[in-house]
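Coordinates as given in upload-v5.cif (mmCIF, C-alpha atoms and all ligand atoms):
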```cif
data_final
loop_
_atom_site.group_PDB
_atom_site.id
_atom_site.type_symbol
_atom_site.label_atom_id
_atom_site.label_comp_id
_atom_site.auth_asym_id
_atom_site.auth_seq_id
_atom_site.Cartn_x
_atom_site.Cartn_y
_atom_site.Cartn_z
ATOM 1 C CA MET A 1 101.930 133.253 77.033
ATOM 2 C CA ARG A 2 99.166 134.685 79.160
ATOM 3 C CA PHE A 3 97.906 132.185 81.651
ATOM 4 C CA ASN A 4 95.042 133.190 83.908
ATOM 5 C CA GLN A 5 92.582 131.290 86.005
ATOM 6 C CA VAL A 6 88.906 131.873 85.300
ATOM 7 C CA GLY A 7 85.760 130.447 86.803
ATOM 8 C CA VAL A 8 86.987 130.698 90.365
ATOM 9 C CA ASN A 9 85.129 131.720 93.465
ATOM 10 C CA ARG A 10 85.407 135.546 93.683
ATOM 11 C CA ALA A 11 85.461 135.624 97.471
ATOM 12 C CA ARG A 12 88.598 133.573 97.426
ATOM 13 C CA ILE A 13 90.277 135.764 94.824
ATOM 14 C CA ASN A 14 89.622 138.751 97.060
ATOM 15 C CA THR A 15 91.456 137.086 99.901
ATOM 16 C CA GLY A 16 94.316 136.326 97.565
ATOM 17 C CA ARG A 17 93.862 132.632 98.260
ATOM 18 C CA ILE A 18 93.073 130.638 95.194
ATOM 19 C CA ASP A 19 91.923 127.103 95.758
ATOM 20 C CA MET A 20 92.732 124.387 93.235
ATOM 21 C CA ALA A 21 89.388 122.730 93.910
ATOM 22 C CA CYS A 22 87.517 125.947 93.040
ATOM 23 C CA ILE A 23 89.061 126.360 89.615
ATOM 24 C CA ASP A 24 87.219 124.748 86.760
ATOM 25 C CA ARG A 25 88.712 126.596 83.785
ATOM 26 C CA VAL A 26 91.969 128.283 82.859
ATOM 27 C CA ARG A 27 92.637 130.820 80.138
ATOM 28 C CA ILE A 28 95.722 130.309 77.983
ATOM 29 C CA GLY A 29 95.976 133.230 75.551
ATOM 30 C CA LYS A 30 92.486 133.583 74.113
ATOM 31 C CA PHE A 31 91.503 129.966 74.797
ATOM 32 C CA ARG A 32 89.488 128.812 77.779
ATOM 33 C CA ILE A 33 90.201 125.241 78.736
ATOM 34 C CA SER A 34 88.542 123.236 81.487
ATOM 35 C CA MET A 35 90.794 121.750 84.181
ATOM 36 C CA ALA A 36 89.044 118.387 83.814
ATOM 37 C CA HIS A 37 89.886 118.477 80.102
ATOM 38 C CA ILE A 38 93.555 119.204 80.816
ATOM 39 C CA ARG A 39 93.771 116.313 83.256
ATOM 40 C CA LYS A 40 91.921 113.947 80.905
ATOM 41 C CA SER A 41 94.130 114.890 77.941
ATOM 42 C CA ALA A 42 97.335 114.331 79.932
ATOM 43 C CA ARG A 43 96.111 110.874 80.966
ATOM 44 C CA LEU A 44 95.003 109.993 77.436
ATOM 45 C CA LEU A 45 98.342 111.033 75.913
ATOM 46 C CA ALA A 46 100.194 109.044 78.580
ATOM 47 C CA ALA A 47 98.038 105.965 77.907
ATOM 48 C CA VAL A 48 98.635 106.178 74.131
ATOM 49 C CA ARG A 49 102.380 106.562 74.627
ATOM 50 C CA ASP A 50 102.445 103.683 77.131
ATOM 51 C CA GLY A 51 100.570 101.513 74.609
ATOM 52 C CA LEU A 52 103.211 102.307 71.976
ATOM 53 C CA THR A 53 106.221 101.756 74.216
ATOM 54 C CA GLY A 54 104.864 98.579 75.862
ATOM 55 C CA ARG A 55 106.006 97.322 79.223
ATOM 56 C CA ASP A 56 109.510 98.742 79.341
ATOM 57 C CA CYS A 57 111.408 98.864 82.627
ATOM 58 C CA VAL A 58 110.926 102.342 84.119
ATOM 59 C CA PHE A 59 114.562 102.478 85.220
ATOM 60 C CA CYS A 60 116.615 101.058 82.304
ATOM 61 C CA GLY A 61 114.096 100.946 79.437
ATOM 62 C CA SER A 62 114.649 97.246 78.640
ATOM 63 C CA ARG A 63 111.585 95.163 77.753
ATOM 64 C CA CYS A 64 110.018 93.560 80.837
ATOM 65 C CA MET A 65 109.128 89.867 81.055
ATOM 66 C CA ASP A 66 105.456 89.006 81.502
ATOM 67 C CA ASP A 67 105.792 88.573 85.271
ATOM 68 C CA GLU A 68 107.710 91.845 85.772
ATOM 69 C CA ASP A 69 105.645 94.903 86.614
ATOM 70 C CA PHE A 70 107.523 97.739 84.834
ATOM 71 C CA ILE A 71 110.727 96.946 86.792
ATOM 72 C CA CYS A 72 113.108 94.360 85.277
ATOM 73 C CA ALA A 73 114.733 91.754 87.528
ATOM 74 C CA GLY A 74 118.172 93.364 87.064
ATOM 75 C CA CYS A 75 117.015 96.806 88.210
ATOM 76 C CA ASP A 76 114.925 95.301 90.995
ATOM 77 C CA ALA A 77 118.057 93.650 92.394
ATOM 78 C CA GLU A 78 120.185 96.800 92.034
ATOM 79 C CA LEU A 79 117.782 99.558 93.155
ATOM 80 C CA PRO A 80 119.204 101.900 95.830
ATOM 81 C CA ARG A 81 116.831 100.862 98.603
ATOM 82 C CA ASN A 82 116.605 103.208 101.539
ATOM 83 C CA ARG A 83 117.675 100.829 104.251
ATOM 84 C CA PRO A 84 118.681 101.452 106.911
ATOM 85 C CA SER A 85 116.958 104.806 107.331
ATOM 86 C CA CYS A 86 115.891 107.049 110.205
ATOM 87 C CA PRO A 87 112.333 106.186 111.324
ATOM 88 C CA GLY A 88 111.740 109.873 112.126
ATOM 89 C CA CYS A 89 112.758 111.566 108.869
ATOM 90 C CA ALA A 90 113.605 108.669 106.468
ATOM 91 C CA ALA A 91 117.179 109.995 106.047
ATOM 92 C CA PRO A 92 119.499 107.301 104.675
ATOM 93 C CA LEU A 93 121.821 105.870 107.334
ATOM 94 C CA ALA A 94 125.066 103.922 107.074
ATOM 95 C CA LEU A 95 124.198 101.698 110.037
ATOM 96 C CA SER A 96 120.942 100.484 111.562
ATOM 97 C CA LEU A 97 119.880 102.283 114.721
ATOM 98 C CA ALA A 98 118.545 100.534 117.787
ATOM 99 C CA GLN A 99 114.761 100.265 118.035
ATOM 100 C CA GLY A 100 113.206 103.688 118.694
ATOM 101 C CA VAL A 101 116.450 105.657 118.138
ATOM 102 C CA ARG A 102 116.469 108.510 115.596
ATOM 103 C CA CYS A 103 119.209 110.157 113.554
ATOM 104 C CA GLY A 104 121.334 113.012 114.953
ATOM 105 C CA SER A 105 119.364 115.624 113.037
ATOM 106 C CA CYS A 106 116.022 114.375 114.476
ATOM 107 C CA GLN A 107 117.542 114.304 117.964
ATOM 108 C CA ARG A 108 118.720 117.920 117.653
ATOM 109 C CA LYS A 109 115.540 119.197 116.019
ATOM 110 C CA PRO A 110 112.636 116.730 115.782
ATOM 111 C CA MET A 111 110.421 116.970 112.705
ATOM 112 C CA PRO A 112 106.734 117.858 113.301
ATOM 113 C CA PHE A 113 105.775 114.390 112.051
ATOM 114 C CA ILE A 114 105.940 111.208 114.112
ATOM 115 C CA ALA A 115 107.369 108.896 111.453
ATOM 116 C CA ALA A 116 108.641 108.937 107.889
ATOM 117 C CA ALA A 117 109.527 106.279 105.342
ATOM 118 C CA ALA A 118 110.756 106.154 101.758
ATOM 119 C CA PRO A 119 111.492 102.884 99.963
ATOM 120 C CA LEU A 120 114.272 104.277 97.728
ATOM 121 C CA ARG A 121 117.221 106.652 97.899
ATOM 122 C CA TYR A 122 117.147 109.594 95.535
ATOM 123 C CA GLU A 123 120.091 108.436 93.417
ATOM 124 C CA TYR A 124 120.502 107.185 89.874
ATOM 125 C CA PRO A 125 118.412 105.575 88.373
ATOM 126 C CA VAL A 126 115.614 106.555 90.802
ATOM 127 C CA ASP A 127 116.133 110.319 90.387
ATOM 128 C CA ALA A 128 116.032 110.052 86.579
ATOM 129 C CA ALA A 129 112.866 107.906 86.650
ATOM 130 C CA ILE A 130 111.064 110.322 89.003
ATOM 131 C CA ARG A 131 112.007 113.280 86.797
ATOM 132 C CA ARG A 132 110.653 111.453 83.725
ATOM 133 C CA MET A 133 107.408 110.665 85.571
ATOM 134 C CA LYS A 134 107.008 114.319 86.584
ATOM 135 C CA PHE A 135 108.269 116.294 83.646
ATOM 136 C CA ASN A 136 107.484 113.863 80.782
ATOM 137 C CA ALA A 137 104.129 112.741 82.258
ATOM 138 C CA ARG A 138 105.095 109.052 82.440
ATOM 139 C CA LEU A 139 102.056 108.254 84.555
ATOM 140 C CA HIS A 140 102.347 104.503 84.014
ATOM 141 C CA TYR A 141 105.456 104.634 86.232
ATOM 142 C CA VAL A 142 103.024 104.844 89.147
ATOM 143 C CA GLY A 143 102.241 101.169 88.453
ATOM 144 C CA ALA A 144 105.920 100.334 88.975
ATOM 145 C CA PHE A 145 106.187 102.400 92.146
ATOM 146 C CA ARG A 146 102.957 101.101 93.722
ATOM 147 C CA GLY A 147 104.540 97.991 95.275
ATOM 148 C CA LEU A 148 107.489 100.004 96.639
ATOM 149 C CA MET A 149 105.171 102.586 98.217
ATOM 150 C CA ARG A 150 103.062 99.853 99.811
ATOM 151 C CA GLU A 151 106.125 98.085 101.182
ATOM 152 C CA ALA A 152 107.342 101.311 102.849
ATOM 153 C CA PHE A 153 103.833 102.103 104.119
ATOM 154 C CA ASP A 154 103.717 98.715 105.855
ATOM 155 C CA ARG A 155 107.037 99.526 107.555
ATOM 156 C CA LEU A 156 105.901 102.990 108.683
ATOM 157 C CA ASP A 157 105.753 103.248 112.459
ATOM 158 C CA ALA A 158 102.477 105.224 112.637
ATOM 159 C CA ASP A 159 98.713 104.760 112.663
ATOM 160 C CA VAL A 160 96.978 106.476 109.767
ATOM 161 C CA ASP A 161 93.324 107.494 109.157
ATOM 162 C CA ALA A 162 93.695 109.353 105.867
ATOM 163 C CA VAL A 163 96.170 110.257 103.127
ATOM 164 C CA LEU A 164 97.051 113.771 101.970
ATOM 165 C CA PRO A 165 99.202 114.177 98.836
ATOM 166 C CA VAL A 166 101.368 117.314 98.987
ATOM 167 C CA PRO A 167 99.325 119.803 96.949
ATOM 168 C CA LEU A 168 100.726 121.592 93.917
ATOM 169 C CA HIS A 169 99.927 125.217 93.254
ATOM 170 C CA TRP A 170 96.994 125.365 90.818
ATOM 171 C CA ARG A 171 99.119 126.929 88.078
ATOM 172 C CA ARG A 172 101.754 124.192 88.186
ATOM 173 C CA HIS A 173 98.997 121.578 88.435
ATOM 174 C CA ALA A 174 97.305 122.977 85.320
ATOM 175 C CA LEU A 175 100.553 123.134 83.334
ATOM 176 C CA ARG A 176 101.630 119.609 84.303
ATOM 177 C CA GLY A 177 98.117 118.157 84.055
ATOM 178 C CA PHE A 178 98.538 116.048 87.187
ATOM 179 C CA ASN A 179 99.973 116.092 90.694
ATOM 180 C CA GLN A 180 102.618 113.364 91.006
ATOM 181 C CA ALA A 181 102.044 113.072 94.779
ATOM 182 C CA GLU A 182 98.349 112.437 94.177
ATOM 183 C CA GLU A 183 99.151 109.863 91.475
ATOM 184 C CA LEU A 184 101.387 108.022 93.960
ATOM 185 C CA ALA A 185 98.814 108.281 96.763
ATOM 186 C CA ARG A 186 95.819 107.002 94.797
ATOM 187 C CA PRO A 187 96.864 103.312 94.422
ATOM 188 C CA LEU A 188 97.865 103.264 98.111
ATOM 189 C CA CYS A 189 94.414 104.547 99.083
ATOM 190 C CA ARG A 190 92.751 101.941 96.849
ATOM 191 C CA GLU A 191 94.792 99.117 98.399
ATOM 192 C CA THR A 192 94.493 100.194 102.016
ATOM 193 C CA GLY A 193 90.951 101.640 101.900
ATOM 194 C CA LEU A 194 92.239 104.919 103.392
ATOM 195 C CA PRO A 195 90.488 108.093 102.159
ATOM 196 C CA LEU A 196 92.368 110.665 100.074
ATOM 197 C CA LEU A 197 91.958 114.049 101.744
ATOM 198 C CA PRO A 198 91.062 117.202 99.861
ATOM 199 C CA GLY A 199 91.014 120.571 101.569
ATOM 200 C CA VAL A 200 94.613 121.790 101.620
ATOM 201 C CA ARG A 201 95.781 124.261 99.058
ATOM 202 C CA ARG A 202 99.103 125.649 98.047
ATOM 203 C CA VAL A 203 98.501 129.356 98.358
ATOM 204 C CA ARG A 204 101.851 130.470 97.034
ATOM 205 C CA ALA A 205 103.494 129.291 93.839
ATOM 206 C CA THR A 206 106.838 128.503 95.458
ATOM 207 C CA PRO A 207 109.820 128.308 93.095
ATOM 208 C CA TYR A 208 111.358 124.865 92.599
ATOM 209 C CA GLN A 209 113.119 123.683 95.732
ATOM 210 C CA SER A 210 116.005 121.941 94.014
ATOM 211 C CA GLY A 211 119.265 123.846 94.263
ATOM 212 C CA LEU A 212 118.217 125.704 97.445
ATOM 213 C CA ASP A 213 119.900 125.132 100.788
ATOM 214 C CA SER A 214 117.928 124.336 103.912
ATOM 215 C CA ALA A 215 117.472 127.971 105.066
ATOM 216 C CA ALA A 216 116.416 129.093 101.583
ATOM 217 C CA ARG A 217 113.903 126.216 101.371
ATOM 218 C CA HIS A 218 112.445 127.294 104.693
ATOM 219 C CA ARG A 219 111.983 130.894 103.482
ATOM 220 C CA ASN A 220 110.647 129.656 100.158
ATOM 221 C CA LEU A 221 107.980 127.560 101.870
ATOM 222 C CA SER A 222 106.807 129.910 104.607
ATOM 223 C CA ARG A 223 103.036 130.323 104.365
ATOM 224 C CA ALA A 224 102.982 128.029 101.304
ATOM 225 C CA PHE A 225 99.972 125.990 102.488
ATOM 226 C CA ALA A 226 96.556 126.740 103.913
ATOM 227 C CA VAL A 227 94.043 124.298 105.349
ATOM 228 C CA ARG A 228 90.550 125.055 104.091
ATOM 229 C CA LYS A 229 88.658 123.365 106.901
ATOM 230 C CA ARG A 230 89.143 121.281 110.008
ATOM 231 C CA PHE A 231 89.804 117.656 109.217
ATOM 232 C CA ALA A 232 87.725 114.793 110.515
ATOM 233 C CA ALA A 233 90.848 112.622 110.140
ATOM 234 C CA ARG A 234 92.955 112.569 113.287
ATOM 235 C CA ARG A 235 96.073 110.849 111.951
ATOM 236 C CA VAL A 236 97.178 112.017 108.519
ATOM 237 C CA LEU A 237 99.776 110.517 106.190
ATOM 238 C CA ILE A 238 101.429 113.054 103.866
ATOM 239 C CA VAL A 239 102.506 111.533 100.532
ATOM 240 C CA ASP A 240 105.101 113.082 98.213
ATOM 241 C CA ASP A 241 107.378 111.892 95.419
ATOM 242 C CA VAL A 242 110.673 112.965 97.010
ATOM 243 C CA ILE A 243 111.760 114.123 100.471
ATOM 244 C CA THR A 244 114.852 116.279 100.033
ATOM 245 C CA THR A 245 115.427 118.121 103.308
ATOM 246 C CA GLY A 246 111.969 117.388 104.693
ATOM 247 C CA SER A 247 111.078 121.098 104.786
ATOM 248 C CA THR A 248 108.015 120.818 102.500
ATOM 249 C CA ALA A 249 106.567 117.951 104.568
ATOM 250 C CA ALA A 250 107.467 119.790 107.806
ATOM 251 C CA ARG A 251 105.608 122.952 106.675
ATOM 252 C CA LEU A 252 102.562 120.986 105.645
ATOM 253 C CA ALA A 253 102.659 118.913 108.850
ATOM 254 C CA ALA A 254 102.857 122.080 110.986
ATOM 255 C CA CYS A 255 99.899 123.488 109.090
ATOM 256 C CA LEU A 256 97.859 120.299 109.687
ATOM 257 C CA LEU A 257 98.725 120.198 113.394
ATOM 258 C CA GLU A 258 97.653 123.847 113.751
ATOM 259 C CA SER A 259 94.318 122.938 112.202
ATOM 260 C CA GLY A 260 93.649 120.271 114.826
ATOM 261 C CA VAL A 261 95.096 117.082 113.331
ATOM 262 C CA GLU A 262 96.457 114.818 116.075
ATOM 263 C CA SER A 263 99.496 113.337 114.334
ATOM 264 C CA VAL A 264 101.199 113.424 110.944
ATOM 265 C CA SER A 265 103.451 110.881 109.253
ATOM 266 C CA VAL A 266 105.160 111.036 105.870
ATOM 267 C CA LEU A 267 105.661 108.611 103.002
ATOM 268 C CA ALA A 268 107.642 109.433 99.863
ATOM 269 C CA LEU A 269 108.936 107.344 97.009
ATOM 270 C CA ALA A 270 112.524 108.515 97.491
ATOM 271 C CA ARG A 271 114.666 110.268 100.081
ATOM 272 C CA ALA A 272 117.659 112.416 99.189
HETATM 273 ZN ZN ZN A 301 115.546 97.697 84.322
HETATM 274 ZN ZN ZN A 302 115.955 111.510 111.302
#
```
Rewritten as structure tokens:
Amino acid sequence: MRFNQVGVNRARINTGRIDMACIDRVRIGKFRISMAHIRKSARLLAAVRDGLTGRDCVFCGSRCMDDEDFICAGCDAELPRNRPSCPGCAAPLALSLAQGVRCGSCQRKPMPFIAAAAPLRYEYPVDAAIRRMKFNARLHYVGAFRGLMREAFDRLDADVDAVLPVPLHWRRHALRGFNQAEELARPLCRETGLPLLPGVRRVRATPYQSGLDSAARHRNLSRAFAVRKRFAARRVLIVDDVITTGSTAARLAACLLESGVESVSVLALARA
């Protein structure tokens, strides 16, 4: 299948940097399809499917009671919650640390962000649910995760002016029809009144991170992001679906700090 972007700003193509926000159409074979149409179709299909399947629990698939918001009481009680966790990198810990103390890894090599939180551990059934949301476009899962994200945001030890979902490369965004980080960030922005930041692009289509060790992830991500302009926001919260080693968030945070942002914190749905 040939898959090319069209309708993009030529100056940016010449620099080799293609900005998601600049692309309005893609060409798949001989068809030209607008990006807005792709996004709208993905949402419409998800809404139709959600209407057919009803309010099933996102983790076990059992029918939810009227007062349960896509998570049944059984799963809610059993979810692998990420507590205690390191306040610096959200890594799961066996024991709670004293106030202000960080995990051994953060003490040896601090992350370029000031705080990180994730409400869940990336274990079954959380990992399976996140994969279904991402790869089967189960966008209604965001409704189930909204409360968990908010709860972790309230625990985050950082002041925040604006929210930046980890950007996807335009090609992956077009194929998937949505960016899961953006879907998770949107309800949080609505609830907190924080603005969702545009202006960062993924300039390299990095291969999937899963299955790579820490050094390989680092190589994979080098020069993956570019900030289009200086931000007015001083304190930025990066939002992602999963923090695995923290290398994606660290790269993006470093990129933001270089562009003049004062501090960066990170919130993800789950931490490996
Ligand atoms: Zn359940
Ligand atoms: Zn840590």
Nearby polymer residues, ligand ZN 301 (chain A), at most 6 Å, only C-alpha atoms and all ligand atoms, as a short mmCIF file (atom, residue, chain, number, x, y, z; two decimals) with C-alpha atoms, in the coordinates of the input:
```cif
data_model
loop_
_atom_site.label_atom_id
_atom_site.label_comp_id
_atom_site.auth_asym_id
_atom_site.auth_seq_id
_atom_site.Cartn_x
_atom_site.Cartn_y
_atom_site.Cartn_z
CA CYS A 57 111.41 98.86 82.63
CA PHE A 59 114.56 102.48 85.22
CA CYS A 60 116.62 101.06 82.30
CA SER A 62 114.65 97.25 78.64
CA ILE A 71 110.73 96.95 86.79
CA CYS A 72 113.11 94.36 85.28
CA GLY A 74 118.17 93.36 87.06
CA CYS A 75 117.02 96.81 88.21
#
```
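Each of A:Gln180, A:Asn82, A:Ser265, A:Ser259 was checked against Val166 of chain A using all atoms listed in the file; the smallest atom-to-atom distance is that of A:Gln180.
Remark: for ligand ZN 302 (chain A), the closest of the candidate residues A:His140, A:Arg202, A:Arg32, A:Arg108 is A:Arg108 (distances computed over all atoms listed in the file).
Coordinates place atom ZN of ligand ZN 302 (chain A) at a distance of 23.1 Å from atom CA of Asp161 of chain A.
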_Within 12 Å of ligand ZN 302 (chain A) (counting only C-alpha atoms and all ligand atoms), which residues show up? I'd like them as a PyMOL selection string._
chain A and resi 84-93+97+100-117+243+245-246+271
*Give me the result of the PyMOL selection byres (((chain A and resi 131) around 12) and not hetatm) on this file, residue by residue, as JSON, numbers by chain.*
{"A": [58, 59, 122, 123, 124, 125, 126, 127, 128, 129, 130, 132, 133, 134, 135, 136, 137, 138, 139, 141, 180, 210, 241, 242, 270]}
*Give me the result of the PyMOL selection byres (((chain A and resi 239) around 8) and not hetatm) on this file, residue by residue, as a VMD selection string.*
chain A and resid 163 to 166 181 to 182 184 to 185 237 to 238 240 to 241 266 to 268
*Residue neighbourhood segment 226-235 of chain A, 8 Å, all atoms listed in the file, exclusion window fewer than 4 positions, as a PyMOL selection string*: chain A and resi 159-162+199-203+255-256+259-265
Generate the coordinates of N, CA and C atoms for segment 88-120 of chain A; report them as a CSV table (one decimal), in the coordinates of the input.
```csv
chain,number,residue,atom,x,y,z
A,88,GLY,N,112.4,108.6,111.9
A,88,GLY,CA,111.7,109.9,112.1
A,88,GLY,C,111.7,110.8,110.9
A,89,CYS,N,112.7,110.6,110.0
A,89,CYS,CA,112.8,111.6,108.9
A,89,CYS,C,113.1,110.8,107.6
A,90,ALA,N,113.3,109.5,107.6
A,90,ALA,CA,113.6,108.7,106.5
A,90,ALA,C,115.0,109.0,105.9
A,91,ALA,N,115.8,109.7,106.6
A,91,ALA,CA,117.2,110.0,106.0
A,91,ALA,C,118.0,108.7,105.9
A,92,PRO,N,118.7,108.5,104.8
A,92,PRO,CA,119.5,107.3,104.7
A,92,PRO,C,120.6,107.2,105.8
A,93,LEU,N,120.8,106.0,106.3
A,93,LEU,CA,121.8,105.9,107.3
A,93,LEU,C,122.8,104.8,106.9
A,94,ALA,N,124.0,104.9,107.4
A,94,ALA,CA,125.1,103.9,107.1
A,94,ALA,C,124.9,102.7,107.9
A,95,LEU,N,124.4,102.8,109.1
A,95,LEU,CA,124.2,101.7,110.0
A,95,LEU,C,122.8,101.7,110.6
A,96,SER,N,122.3,100.6,110.9
A,96,SER,CA,120.9,100.5,111.6
A,96,SER,C,121.0,101.0,113.0
A,97,LEU,N,120.0,101.8,113.4
A,97,LEU,CA,119.9,102.3,114.7
A,97,LEU,C,119.1,101.3,115.6
A,98,ALA,N,119.3,101.4,116.9
A,98,ALA,CA,118.5,100.5,117.8
A,98,ALA,C,117.1,100.9,117.7
A,99,GLN,N,116.2,100.0,118.1
A,99,GLN,CA,114.8,100.3,118.0
A,99,GLN,C,114.4,101.6,118.7
A,100,GLY,N,113.7,102.4,118.1
A,100,GLY,CA,113.2,103.7,118.7
A,100,GLY,C,114.2,104.8,118.7
A,101,VAL,N,115.4,104.6,118.2
A,101,VAL,CA,116.4,105.7,118.1
A,101,VAL,C,116.4,106.4,116.8
A,102,ARG,N,116.6,107.7,116.8
A,102,ARG,CA,116.5,108.5,115.6
A,102,ARG,C,117.8,109.1,115.2
A,103,CYS,N,117.9,109.6,114.0
A,103,CYS,CA,119.2,110.2,113.6
A,103,CYS,C,119.6,111.4,114.4
A,104,GLY,N,120.8,111.9,114.2
A,104,GLY,CA,121.3,113.0,115.0
A,104,GLY,C,120.5,114.3,114.7
A,105,SER,N,120.1,114.4,113.4
A,105,SER,CA,119.4,115.6,113.0
A,105,SER,C,118.0,115.6,113.7
A,106,CYS,N,117.3,114.5,113.8
A,106,CYS,CA,116.0,114.4,114.5
A,106,CYS,C,116.2,114.6,116.0
A,107,GLN,N,117.3,114.1,116.5
A,107,GLN,CA,117.5,114.3,118.0
A,107,GLN,C,117.8,115.8,118.3
A,108,ARG,N,118.5,116.5,117.4
A,108,ARG,CA,118.7,117.9,117.7
A,108,ARG,C,117.5,118.7,117.5
A,109,LYS,N,116.7,118.4,116.4
A,109,LYS,CA,115.5,119.2,116.0
A,109,LYS,C,114.5,118.2,115.4
A,110,PRO,N,113.6,117.7,116.3
A,110,PRO,CA,112.6,116.7,115.8
A,110,PRO,C,111.7,117.3,114.7
A,111,MET,N,111.4,116.5,113.7
A,111,MET,CA,110.4,117.0,112.7
A,111,MET,C,109.0,117.0,113.3
A,112,PRO,N,108.1,117.8,112.7
A,112,PRO,CA,106.7,117.9,113.3
A,112,PRO,C,105.9,116.6,112.9
A,113,PHE,N,106.5,115.6,112.3
A,113,PHE,CA,105.8,114.4,112.1
A,113,PHE,C,106.4,113.3,112.9
A,114,ILE,N,105.5,112.2,113.2
A,114,ILE,CA,105.9,111.2,114.1
A,114,ILE,C,106.8,110.1,113.4
A,115,ALA,N,106.6,109.9,112.1
A,115,ALA,CA,107.4,108.9,111.5
A,115,ALA,C,107.5,109.2,110.0
A,116,ALA,N,108.5,108.7,109.3
A,116,ALA,CA,108.6,108.9,107.9
A,116,ALA,C,109.3,107.7,107.3
A,117,ALA,N,108.9,107.4,106.0
A,117,ALA,CA,109.5,106.3,105.3
A,117,ALA,C,109.6,106.6,103.9
A,118,ALA,N,110.6,106.1,103.2
A,118,ALA,CA,110.8,106.2,101.8
A,118,ALA,C,111.5,104.9,101.3
A,119,PRO,N,110.9,104.2,100.3
A,119,PRO,CA,111.5,102.9,100.0
A,119,PRO,C,112.8,103.0,99.2
A,120,LEU,N,113.1,104.2,98.6
A,120,LEU,CA,114.3,104.3,97.7
A,120,LEU,C,115.1,105.5,98.1
```
